[in-house]
Amino acid sequence: MVLSLLAIAVAAQTSKEAKQWLKKSEWSSLKKAKPHKTLNIDEFYRQYQKNKEQWDVLYQWLCNTDLLAIPKGKHPIEGSTLVASVEDSENGPLEKRGTESHRKKIDFQLVVKGTEGFALLDHESSTVKIPYDDKKDVMRYNFVKEKTNFFDVKAGQFVIFFPTDWHIAKLHNQKKNDDQKIRVIVVKMDYKE
């Protein structure tokens with residue numbers, strides 16, 4: 001009993017620590033990128049501590065790059081092994097979008113223009129559709145639509161999908177004007193155990 005109370009206290013402390021870090025960190029001052037409310041702040045904080053150099057390089061690149069003017073395509077981020085994929089795309093219907101999760105990489109996705117629709121899958125009701133492919137670092141899922149969390153991410157917001165975040169990207173957003181065109185920056189960050 002005492003050990004479980006201690007574990008709860010440590011988890012609560014970490015959560016409070018992570019929230020304070022996010023609020024005070026450079027991320028909070030980056031006008032081009034604010035975290036979406038679905039962000040797992042504790043995991044972001046842990047990954048940042050384990051791989052600070054890579055996250056800082058990404059932050060600096062975002063600050064120093066005109067994200068609307070940069071041409072679409074893949075752009076190596078100087079001083080790192082990171083590559084920014086600049087995608088001018090369009091959201092699509094759920095039945096035409098694939099599910100995914102990763103084990104080695106973290107998906108950092110910043111919506112630069114438009115509103116992108118996303119979904120987070122419920123682990124209990126989802127099953128493996130295509131087993132993990134080590135070369136592509138991806139696993140695909142069957143899921144129950146009614147137990148899936150659908151949400152929109154507006155321009156200037158970012159989402160981060162960690163290995164436990166089974167997700168779908170580029171879904172029709174819920175805006176009434178049916179504008180589904182988007183510009184997104186996707187960077188695959190190294191996941192540290």
# chains A, B, ... in the order shown; residues from 1 in each chain; ligands from 1
>>> select_by_dssp(residues="region 18-189 of chain A", states="strand (DSSP E)", output="JSON, numbers by chain")
{"A": [34, 35, 73, 74, 75, 76, 83, 84, 85, 86, 87, 88, 89, 90, 99, 100, 105, 106, 107, 108, 109, 110, 111, 112, 113, 115, 116, 117, 118, 119, 120, 127, 128, 129, 130, 131, 132, 133, 138, 139, 140, 141, 142, 149, 150, 151, 152, 153, 154, 157, 158, 159, 160, 161, 167, 168, 169, 170, 171, 181, 182, 183, 184, 185, 186, 187, 188, 189]}
>>> residues_around(residues="Trp166 (chain A)", least_positions_apart="5", cutoff="9 Å", atoms="only C-alpha atoms", output="short mmCIF file (atom, residue, chain, number, x, y, z; two decimals) with all heavy atoms, in the first residue's frame")
data_model
loop_
_atom_site.label_atom_id
_atom_site.label_comp_id
_atom_site.auth_asym_id
_atom_site.auth_seq_id
_atom_site.Cartn_x
_atom_site.Cartn_y
_atom_site.Cartn_z
N THR A 99 -3.88 3.36 -40.63
CA THR A 99 -3.49 3.45 -39.23
C THR A 99 -2.01 3.17 -39.12
O THR A 99 -1.42 2.54 -40.00
CB THR A 99 -4.26 2.40 -38.40
OG1 THR A 99 -3.92 1.10 -38.90
CG2 THR A 99 -5.76 2.60 -38.47
N GLU A 100 -1.40 3.62 -38.03
CA GLU A 100 0.02 3.33 -37.85
C GLU A 100 0.47 3.57 -36.42
O GLU A 100 -0.15 4.32 -35.68
CB GLU A 100 0.88 4.16 -38.79
CG GLU A 100 0.77 5.65 -38.60
CD GLU A 100 1.59 6.43 -39.62
OE1 GLU A 100 1.34 6.27 -40.83
OE2 GLU A 100 2.46 7.21 -39.19
N SER A 101 1.56 2.91 -36.08
CA SER A 101 2.35 3.22 -34.89
C SER A 101 3.79 2.86 -35.23
O SER A 101 4.05 2.15 -36.20
CB SER A 101 1.85 2.46 -33.66
OG SER A 101 2.18 1.09 -33.76
N HIS A 102 4.70 3.37 -34.42
CA HIS A 102 6.12 3.17 -34.67
C HIS A 102 6.81 2.75 -33.38
O HIS A 102 6.33 3.09 -32.29
CB HIS A 102 6.75 4.46 -35.21
CG HIS A 102 5.93 5.11 -36.27
ND1 HIS A 102 5.88 4.62 -37.56
CD2 HIS A 102 5.09 6.17 -36.25
CE1 HIS A 102 5.06 5.37 -38.28
NE2 HIS A 102 4.56 6.31 -37.50
N ALA A 119 -6.72 10.99 -35.68
CA ALA A 119 -7.42 10.06 -34.80
C ALA A 119 -6.40 9.31 -33.96
O ALA A 119 -5.32 8.97 -34.44
CB ALA A 119 -8.25 9.07 -35.60
N LEU A 120 -6.76 9.07 -32.70
CA LEU A 120 -5.99 8.19 -31.82
C LEU A 120 -6.84 6.95 -31.57
O LEU A 120 -8.02 7.06 -31.21
CB LEU A 120 -5.67 8.89 -30.50
CG LEU A 120 -4.54 9.91 -30.55
CD1 LEU A 120 -4.47 10.71 -29.25
CD2 LEU A 120 -3.21 9.24 -30.83
N LEU A 121 -6.23 5.78 -31.77
CA LEU A 121 -6.97 4.54 -31.64
C LEU A 121 -7.02 4.07 -30.20
O LEU A 121 -6.06 4.23 -29.44
CB LEU A 121 -6.32 3.44 -32.49
CG LEU A 121 -6.07 3.77 -33.97
CD1 LEU A 121 -5.48 2.55 -34.67
CD2 LEU A 121 -7.33 4.23 -34.66
N ASP A 122 -8.13 3.45 -29.84
CA ASP A 122 -8.31 2.83 -28.54
C ASP A 122 -7.56 1.49 -28.55
O ASP A 122 -7.81 0.64 -29.41
CB ASP A 122 -9.81 2.61 -28.29
CG ASP A 122 -10.07 1.83 -27.03
OD1 ASP A 122 -9.80 2.35 -25.94
OD2 ASP A 122 -10.53 0.68 -27.15
N HIS A 123 -6.66 1.28 -27.62
CA HIS A 123 -5.85 0.06 -27.59
C HIS A 123 -6.67 -1.19 -27.31
O HIS A 123 -6.42 -2.25 -27.88
CB HIS A 123 -4.74 0.18 -26.54
CG HIS A 123 -3.64 1.10 -26.95
ND1 HIS A 123 -2.34 0.90 -26.58
CD2 HIS A 123 -3.62 2.23 -27.71
CE1 HIS A 123 -1.57 1.84 -27.09
NE2 HIS A 123 -2.34 2.67 -27.76
N MET A 139 3.51 -0.45 -37.81
CA MET A 139 2.53 -1.50 -37.59
C MET A 139 1.17 -0.90 -37.92
O MET A 139 0.92 0.28 -37.66
CB MET A 139 2.55 -2.01 -36.14
CG MET A 139 1.68 -3.23 -35.95
SD MET A 139 1.81 -4.15 -34.37
CE MET A 139 3.10 -3.42 -33.46
N ARG A 140 0.27 -1.71 -38.50
CA ARG A 140 -1.07 -1.26 -38.91
C ARG A 140 -2.13 -1.97 -38.06
O ARG A 140 -1.92 -3.09 -37.61
CB ARG A 140 -1.30 -1.56 -40.39
CG ARG A 140 -0.22 -1.05 -41.32
CD ARG A 140 -0.33 0.40 -41.57
NE ARG A 140 0.70 0.84 -42.51
CZ ARG A 140 0.95 2.08 -42.77
NH1 ARG A 140 0.25 3.03 -42.20
NH2 ARG A 140 1.91 2.41 -43.62
N TYR A 141 -3.30 -1.33 -37.94
CA TYR A 141 -4.33 -1.82 -37.02
C TYR A 141 -5.73 -1.86 -37.64
O TYR A 141 -6.06 -1.08 -38.52
CB TYR A 141 -4.41 -0.90 -35.79
CG TYR A 141 -3.11 -0.83 -35.04
CD1 TYR A 141 -2.17 0.15 -35.34
CD2 TYR A 141 -2.81 -1.75 -34.04
CE1 TYR A 141 -0.96 0.20 -34.67
CE2 TYR A 141 -1.61 -1.70 -33.36
CZ TYR A 141 -0.70 -0.72 -33.68
OH TYR A 141 0.50 -0.68 -33.02
N PHE A 161 3.35 11.91 -31.88
CA PHE A 161 2.88 10.55 -31.69
C PHE A 161 4.05 9.68 -31.25
O PHE A 161 5.00 9.47 -32.00
CB PHE A 161 2.26 10.00 -32.98
CG PHE A 161 1.04 10.77 -33.41
CD1 PHE A 161 1.04 11.50 -34.59
CD2 PHE A 161 -0.11 10.77 -32.64
CE1 PHE A 161 -0.08 12.22 -34.98
CE2 PHE A 161 -1.25 11.48 -33.03
CZ PHE A 161 -1.22 12.20 -34.21
#
>>> closest_atom_pairs(of="region 88-123 of chain A", to="region 45-59 of chain A", cutoff="12 Å", atoms="only C-alpha atoms", output="JSON lines")
{"residue": "A:Lys105", "atom": "CA", "partner": "A:Gln47", "partner_atom": "CA", "distance": 11.1}
{"residue": "A:Ile106", "atom": "CA", "partner": "A:Gln47", "partner_atom": "CA", "distance": 9.5}
{"residue": "A:Phe108", "atom": "CA", "partner": "A:Leu58", "partner_atom": "CA", "distance": 9.7}
{"residue": "A:Gln109", "atom": "CA", "partner": "A:Leu58", "partner_atom": "CA", "distance": 11.6}
{"residue": "A:Leu110", "atom": "CA", "partner": "A:Leu58", "partner_atom": "CA", "distance": 11.5}
>>> residues_around(residues="Glu116 (chain A)", least_positions_apart="4", cutoff="10 Å", atoms="only C-alpha atoms", output="mmCIF file with C-alpha atoms, in the first residue's frame")
data_model
loop_
_atom_site.group_PDB
_atom_site.id
_atom_site.type_symbol
_atom_site.label_atom_id
_atom_site.label_comp_id
_atom_site.auth_asym_id
_atom_site.auth_seq_id
_atom_site.Cartn_x
_atom_site.Cartn_y
_atom_site.Cartn_z
ATOM 1 C CA SER A 89 -1.521 17.620 -49.103
ATOM 2 C CA GLU A 90 -5.226 17.186 -48.636
ATOM 3 C CA ASN A 91 -7.210 15.508 -45.890
ATOM 4 C CA GLY A 92 -9.214 12.488 -46.961
ATOM 5 C CA LEU A 110 3.302 20.597 -37.228
ATOM 6 C CA VAL A 111 0.324 21.933 -39.165
ATOM 7 C CA VAL A 112 1.549 25.051 -40.974
ATOM 8 C CA PHE A 151 -9.701 15.628 -33.377
ATOM 9 C CA ASP A 152 -8.569 18.562 -35.502
ATOM 10 C CA VAL A 153 -5.212 20.312 -35.339
ATOM 11 C CA LYS A 154 -5.122 23.900 -36.609
ATOM 12 C CA ALA A 155 -2.276 25.798 -38.242
ATOM 13 C CA GLN A 157 -0.274 23.540 -33.542
ATOM 14 C CA ALA A 169 -3.349 11.331 -39.997
ATOM 15 C CA LYS A 170 -4.736 13.492 -42.797
ATOM 16 C CA LEU A 171 -8.394 12.817 -42.070
ATOM 17 C CA HIS A 172 -11.192 15.106 -43.203
ATOM 18 C CA ASN A 173 -11.329 17.887 -40.649
ATOM 19 C CA GLN A 174 -14.540 18.947 -38.992
ATOM 20 C CA LYS A 175 -14.587 22.506 -40.393
ATOM 21 C CA ASP A 179 -11.336 23.253 -46.890
ATOM 22 C CA GLN A 180 -9.218 20.131 -46.654
ATOM 23 C CA LYS A 181 -5.948 21.476 -48.106
ATOM 24 C CA ILE A 182 -3.070 21.440 -45.650
ATOM 25 C CA ARG A 183 0.654 22.075 -45.299
ATOM 26 C CA VAL A 184 2.324 19.897 -42.683
#
>>> residues_around(residues="Lys31 (chain A)", least_positions_apart="6", cutoff="10 Å", atoms="only C-alpha atoms", output="ChimeraX atom specification")
/A:62-63,156-157
>>> residues_around(residues="Ala84 (chain A)", least_positions_apart="2", cutoff="6 Å", atoms="only C-alpha atoms", output="ChimeraX atom specification")
/A:74-75,186-187
>>> write_last_selection(atoms="all heavy atoms", output="CSV table (one decimal), in the first residue's frame")
chain,number,residue,atom,x,y,z
A,74,LYS,N,11.7,16.8,-49.0
A,74,LYS,CA,12.5,16.5,-47.9
A,74,LYS,C,13.6,17.4,-47.7
A,74,LYS,O,14.3,17.7,-48.7
A,74,LYS,CB,13.0,15.0,-48.0
A,74,LYS,CG,11.8,14.0,-48.2
A,74,LYS,CD,12.1,12.7,-47.5
A,74,LYS,CE,11.0,11.7,-47.6
A,74,LYS,NZ,10.0,11.9,-46.6
A,75,HIS,N,13.8,17.9,-46.5
A,75,HIS,CA,14.9,18.9,-46.2
A,75,HIS,C,15.7,18.4,-45.0
A,75,HIS,O,15.2,18.4,-43.9
A,75,HIS,CB,14.3,20.2,-45.9
A,75,HIS,CG,13.4,20.8,-47.0
A,75,HIS,ND1,14.0,21.6,-48.0
A,75,HIS,CD2,12.1,20.6,-47.3
A,75,HIS,CE1,13.0,21.9,-48.8
A,75,HIS,NE2,11.9,21.4,-48.4
A,186,VAL,N,6.5,17.2,-41.1
A,186,VAL,CA,6.7,15.9,-40.4
A,186,VAL,C,8.1,15.6,-40.2
A,186,VAL,O,8.9,15.7,-41.2
A,186,VAL,CB,6.0,14.8,-41.2
A,186,VAL,CG1,6.2,13.5,-40.4
A,186,VAL,CG2,4.5,15.0,-41.4
A,187,VAL,N,8.5,15.4,-38.9
A,187,VAL,CA,9.9,15.1,-38.6
A,187,VAL,C,9.9,13.8,-37.8
A,187,VAL,O,9.2,13.7,-36.8
A,187,VAL,CB,10.6,16.2,-37.9
A,187,VAL,CG1,12.1,15.8,-37.6
A,187,VAL,CG2,10.6,17.5,-38.7
>>> atom_distance(atom1="CA of Glu17 (chain A)", atom2="CA of Asn40 (chain A)")
13.2 Å
>>> atom_distance(atom1="CA of Pro35 (chain A)", atom2="CA of Lys104 (chain A)")
21.7 Å
>>> closest_residue(among="A:Ile185, A:Ala33, A:Pro76, A:Arg103", to="Asp133 (chain A)", atoms="only C-alpha atoms")
A:Arg103
>>> closest_residue(among="A:Ser80, A:Asp88, A:Lys19, A:Phe150", to="Lys113 (chain A)", atoms="only C-alpha atoms")
A:Asp88
>>> closest_residue(among="A:Val159, A:Leu67, A:Leu39, A:Met189", to="Phe118 (chain A)", atoms="only C-alpha atoms")
A:Val159
>>> closest_residue(among="A:Pro163, A:Gln60, A:Gln20, A:Ser126", to="Glu146 (chain A)", atoms="only C-alpha atoms")
A:Ser126
>>> closest_residue(among="A:Leu94, A:Thr38, A:Glu43, A:Leu30", to="Asn64 (chain A)", atoms="only C-alpha atoms")
A:Leu30
>>> decode(residues="region 45-165 of chain A", atoms="C-alpha atoms", output="PDB file, in the first residue's frame")
ATOM      1  CA  TYR A  45       9.373  15.751 -21.221  1.00  0.00           C
ATOM      2  CA  ARG A  46      11.078  12.331 -20.854  1.00  0.00           C
ATOM      3  CA  GLN A  47      12.048  12.162 -24.517  1.00  0.00           C
ATOM      4  CA  TYR A  48      13.355  15.723 -24.448  1.00  0.00           C
ATOM      5  CA  GLN A  49      15.563  14.925 -21.438  1.00  0.00           C
ATOM      6  CA  LYS A  50      16.909  11.774 -23.137  1.00  0.00           C
ATOM      7  CA  ASN A  51      17.572  13.419 -26.517  1.00  0.00           C
ATOM      8  CA  LYS A  52      17.865  17.149 -25.832  1.00  0.00           C
ATOM      9  CA  GLU A  53      20.278  17.868 -28.697  1.00  0.00           C
ATOM     10  CA  GLN A  54      17.910  16.475 -31.334  1.00  0.00           C
ATOM     11  CA  TRP A  55      14.872  18.320 -29.970  1.00  0.00           C
ATOM     12  CA  ASP A  56      16.848  21.575 -29.704  1.00  0.00           C
ATOM     13  CA  VAL A  57      18.022  21.264 -33.329  1.00  0.00           C
ATOM     14  CA  LEU A  58      14.404  20.781 -34.413  1.00  0.00           C
ATOM     15  CA  TYR A  59      13.311  23.786 -32.349  1.00  0.00           C
ATOM     16  CA  GLN A  60      16.013  25.995 -33.874  1.00  0.00           C
ATOM     17  CA  TRP A  61      15.147  24.833 -37.396  1.00  0.00           C
ATOM     18  CA  LEU A  62      11.478  25.663 -36.843  1.00  0.00           C
ATOM     19  CA  CYS A  63      12.413  29.122 -35.509  1.00  0.00           C
ATOM     20  CA  ASN A  64      14.774  29.924 -38.383  1.00  0.00           C
ATOM     21  CA  THR A  65      12.758  28.551 -41.312  1.00  0.00           C
ATOM     22  CA  ASP A  66       9.986  30.248 -43.264  1.00  0.00           C
ATOM     23  CA  LEU A  67       7.603  27.295 -43.068  1.00  0.00           C
ATOM     24  CA  LEU A  68       5.191  28.722 -45.653  1.00  0.00           C
ATOM     25  CA  ALA A  69       7.887  29.524 -48.237  1.00  0.00           C
ATOM     26  CA  ILE A  70      10.085  26.428 -47.975  1.00  0.00           C
ATOM     27  CA  PRO A  71       9.434  24.147 -50.980  1.00  0.00           C
ATOM     28  CA  LYS A  72       7.633  20.879 -50.414  1.00  0.00           C
ATOM     29  CA  GLY A  73       9.820  17.820 -50.201  1.00  0.00           C
ATOM     30  CA  LYS A  74      12.478  16.458 -47.875  1.00  0.00           C
ATOM     31  CA  HIS A  75      14.881  18.869 -46.191  1.00  0.00           C
ATOM     32  CA  PRO A  76      17.842  17.660 -44.096  1.00  0.00           C
ATOM     33  CA  ILE A  77      18.087  19.635 -40.862  1.00  0.00           C
ATOM     34  CA  GLU A  78      21.647  20.919 -40.563  1.00  0.00           C
ATOM     35  CA  GLY A  79      23.638  19.678 -37.574  1.00  0.00           C
ATOM     36  CA  SER A  80      21.600  16.486 -37.189  1.00  0.00           C
ATOM     37  CA  THR A  81      20.397  13.316 -38.836  1.00  0.00           C
ATOM     38  CA  LEU A  82      16.853  14.718 -38.895  1.00  0.00           C
ATOM     39  CA  VAL A  83      14.919  15.279 -42.105  1.00  0.00           C
ATOM     40  CA  ALA A  84      11.887  17.560 -42.323  1.00  0.00           C
ATOM     41  CA  SER A  85       9.258  16.371 -44.743  1.00  0.00           C
ATOM     42  CA  VAL A  86       7.298  19.384 -46.005  1.00  0.00           C
ATOM     43  CA  GLU A  87       3.964  18.089 -47.286  1.00  0.00           C
ATOM     44  CA  ASP A  88       1.364  20.028 -49.250  1.00  0.00           C
ATOM     45  CA  SER A  89      -1.521  17.620 -49.103  1.00  0.00           C
ATOM     46  CA  GLU A  90      -5.226  17.186 -48.636  1.00  0.00           C
ATOM     47  CA  ASN A  91      -7.210  15.508 -45.890  1.00  0.00           C
ATOM     48  CA  GLY A  92      -9.214  12.488 -46.961  1.00  0.00           C
ATOM     49  CA  PRO A  93     -12.012  10.178 -45.838  1.00  0.00           C
ATOM     50  CA  LEU A  94     -11.367   7.737 -42.998  1.00  0.00           C
ATOM     51  CA  GLU A  95     -11.733   4.662 -45.232  1.00  0.00           C
ATOM     52  CA  LYS A  96      -8.840   5.850 -47.423  1.00  0.00           C
ATOM     53  CA  ARG A  97      -6.387   6.568 -44.601  1.00  0.00           C
ATOM     54  CA  GLY A  98      -4.110   4.077 -42.892  1.00  0.00           C
ATOM     55  CA  THR A  99      -3.493   3.447 -39.225  1.00  0.00           C
ATOM     56  CA  GLU A 100       0.015   3.329 -37.853  1.00  0.00           C
ATOM     57  CA  SER A 101       2.347   3.222 -34.894  1.00  0.00           C
ATOM     58  CA  HIS A 102       6.123   3.170 -34.667  1.00  0.00           C
ATOM     59  CA  ARG A 103       8.676   1.648 -32.295  1.00  0.00           C
ATOM     60  CA  LYS A 104      11.928   3.419 -33.230  1.00  0.00           C
ATOM     61  CA  LYS A 105      10.684   6.863 -34.231  1.00  0.00           C
ATOM     62  CA  ILE A 106       8.428   9.571 -32.883  1.00  0.00           C
ATOM     63  CA  ASP A 107       6.176  11.442 -35.312  1.00  0.00           C
ATOM     64  CA  PHE A 108       6.439  15.190 -34.799  1.00  0.00           C
ATOM     65  CA  GLN A 109       3.791  16.845 -36.982  1.00  0.00           C
ATOM     66  CA  LEU A 110       3.302  20.597 -37.228  1.00  0.00           C
ATOM     67  CA  VAL A 111       0.324  21.933 -39.165  1.00  0.00           C
ATOM     68  CA  VAL A 112       1.549  25.051 -40.974  1.00  0.00           C
ATOM     69  CA  LYS A 113      -1.524  25.838 -43.086  1.00  0.00           C
ATOM     70  CA  GLY A 114      -5.104  24.588 -42.890  1.00  0.00           C
ATOM     71  CA  THR A 115      -6.622  22.192 -40.372  1.00  0.00           C
ATOM     72  CA  GLU A 116      -5.624  18.531 -40.304  1.00  0.00           C
ATOM     73  CA  GLY A 117      -7.866  15.797 -38.964  1.00  0.00           C
ATOM     74  CA  PHE A 118      -6.314  13.077 -36.784  1.00  0.00           C
ATOM     75  CA  ALA A 119      -7.416  10.064 -34.796  1.00  0.00           C
ATOM     76  CA  LEU A 120      -5.993   8.191 -31.822  1.00  0.00           C
ATOM     77  CA  LEU A 121      -6.973   4.535 -31.636  1.00  0.00           C
ATOM     78  CA  ASP A 122      -8.306   2.827 -28.541  1.00  0.00           C
ATOM     79  CA  HIS A 123      -5.846   0.063 -27.589  1.00  0.00           C
ATOM     80  CA  GLU A 124      -8.423  -2.260 -26.034  1.00  0.00           C
ATOM     81  CA  SER A 125     -10.676  -2.434 -29.083  1.00  0.00           C
ATOM     82  CA  SER A 126      -7.935  -2.335 -31.761  1.00  0.00           C
ATOM     83  CA  THR A 127      -6.151  -5.374 -33.161  1.00  0.00           C
ATOM     84  CA  VAL A 128      -3.061  -5.802 -35.300  1.00  0.00           C
ATOM     85  CA  LYS A 129      -3.919  -5.769 -39.006  1.00  0.00           C
ATOM     86  CA  ILE A 130      -0.356  -5.881 -40.396  1.00  0.00           C
ATOM     87  CA  PRO A 131       2.432  -6.958 -38.017  1.00  0.00           C
ATOM     88  CA  TYR A 132       5.353  -4.707 -37.242  1.00  0.00           C
ATOM     89  CA  ASP A 133       7.720  -4.119 -40.171  1.00  0.00           C
ATOM     90  CA  ASP A 134      11.171  -3.416 -38.742  1.00  0.00           C
ATOM     91  CA  LYS A 135      12.527  -1.883 -41.981  1.00  0.00           C
ATOM     92  CA  LYS A 136       9.660   0.603 -42.300  1.00  0.00           C
ATOM     93  CA  ASP A 137       9.174   0.959 -38.514  1.00  0.00           C
ATOM     94  CA  VAL A 138       5.403   0.646 -38.797  1.00  0.00           C
ATOM     95  CA  MET A 139       2.529  -1.505 -37.594  1.00  0.00           C
ATOM     96  CA  ARG A 140      -1.069  -1.259 -38.909  1.00  0.00           C
ATOM     97  CA  TYR A 141      -4.335  -1.817 -37.021  1.00  0.00           C
ATOM     98  CA  ASN A 142      -7.998  -2.730 -37.250  1.00  0.00           C
ATOM     99  CA  PHE A 143     -10.016  -0.402 -35.034  1.00  0.00           C
ATOM    100  CA  VAL A 144     -13.516   0.369 -33.800  1.00  0.00           C
ATOM    101  CA  LYS A 145     -14.606   3.768 -35.104  1.00  0.00           C
ATOM    102  CA  GLU A 146     -16.915   4.440 -32.152  1.00  0.00           C
ATOM    103  CA  LYS A 147     -14.019   4.008 -29.706  1.00  0.00           C
ATOM    104  CA  THR A 148     -11.607   6.203 -31.659  1.00  0.00           C
ATOM    105  CA  ASN A 149     -10.708   9.754 -30.593  1.00  0.00           C
ATOM    106  CA  PHE A 150     -11.052  12.083 -33.605  1.00  0.00           C
ATOM    107  CA  PHE A 151      -9.701  15.628 -33.377  1.00  0.00           C
ATOM    108  CA  ASP A 152      -8.569  18.562 -35.502  1.00  0.00           C
ATOM    109  CA  VAL A 153      -5.212  20.312 -35.339  1.00  0.00           C
ATOM    110  CA  LYS A 154      -5.122  23.900 -36.609  1.00  0.00           C
ATOM    111  CA  ALA A 155      -2.276  25.798 -38.242  1.00  0.00           C
ATOM    112  CA  GLY A 156       0.335  26.650 -35.637  1.00  0.00           C
ATOM    113  CA  GLN A 157      -0.274  23.540 -33.542  1.00  0.00           C
ATOM    114  CA  PHE A 158       1.819  20.390 -33.369  1.00  0.00           C
ATOM    115  CA  VAL A 159       1.101  16.829 -32.347  1.00  0.00           C
ATOM    116  CA  ILE A 160       3.636  14.234 -31.295  1.00  0.00           C
ATOM    117  CA  PHE A 161       2.877  10.546 -31.693  1.00  0.00           C
ATOM    118  CA  PHE A 162       4.962   8.295 -29.444  1.00  0.00           C
ATOM    119  CA  PRO A 163       5.082   4.479 -29.857  1.00  0.00           C
ATOM    120  CA  THR A 164       1.999   4.070 -27.661  1.00  0.00           C
ATOM    121  CA  ASP A 165       0.016   6.506 -29.839  1.00  0.00           C
TER     122      ASP A 165
END
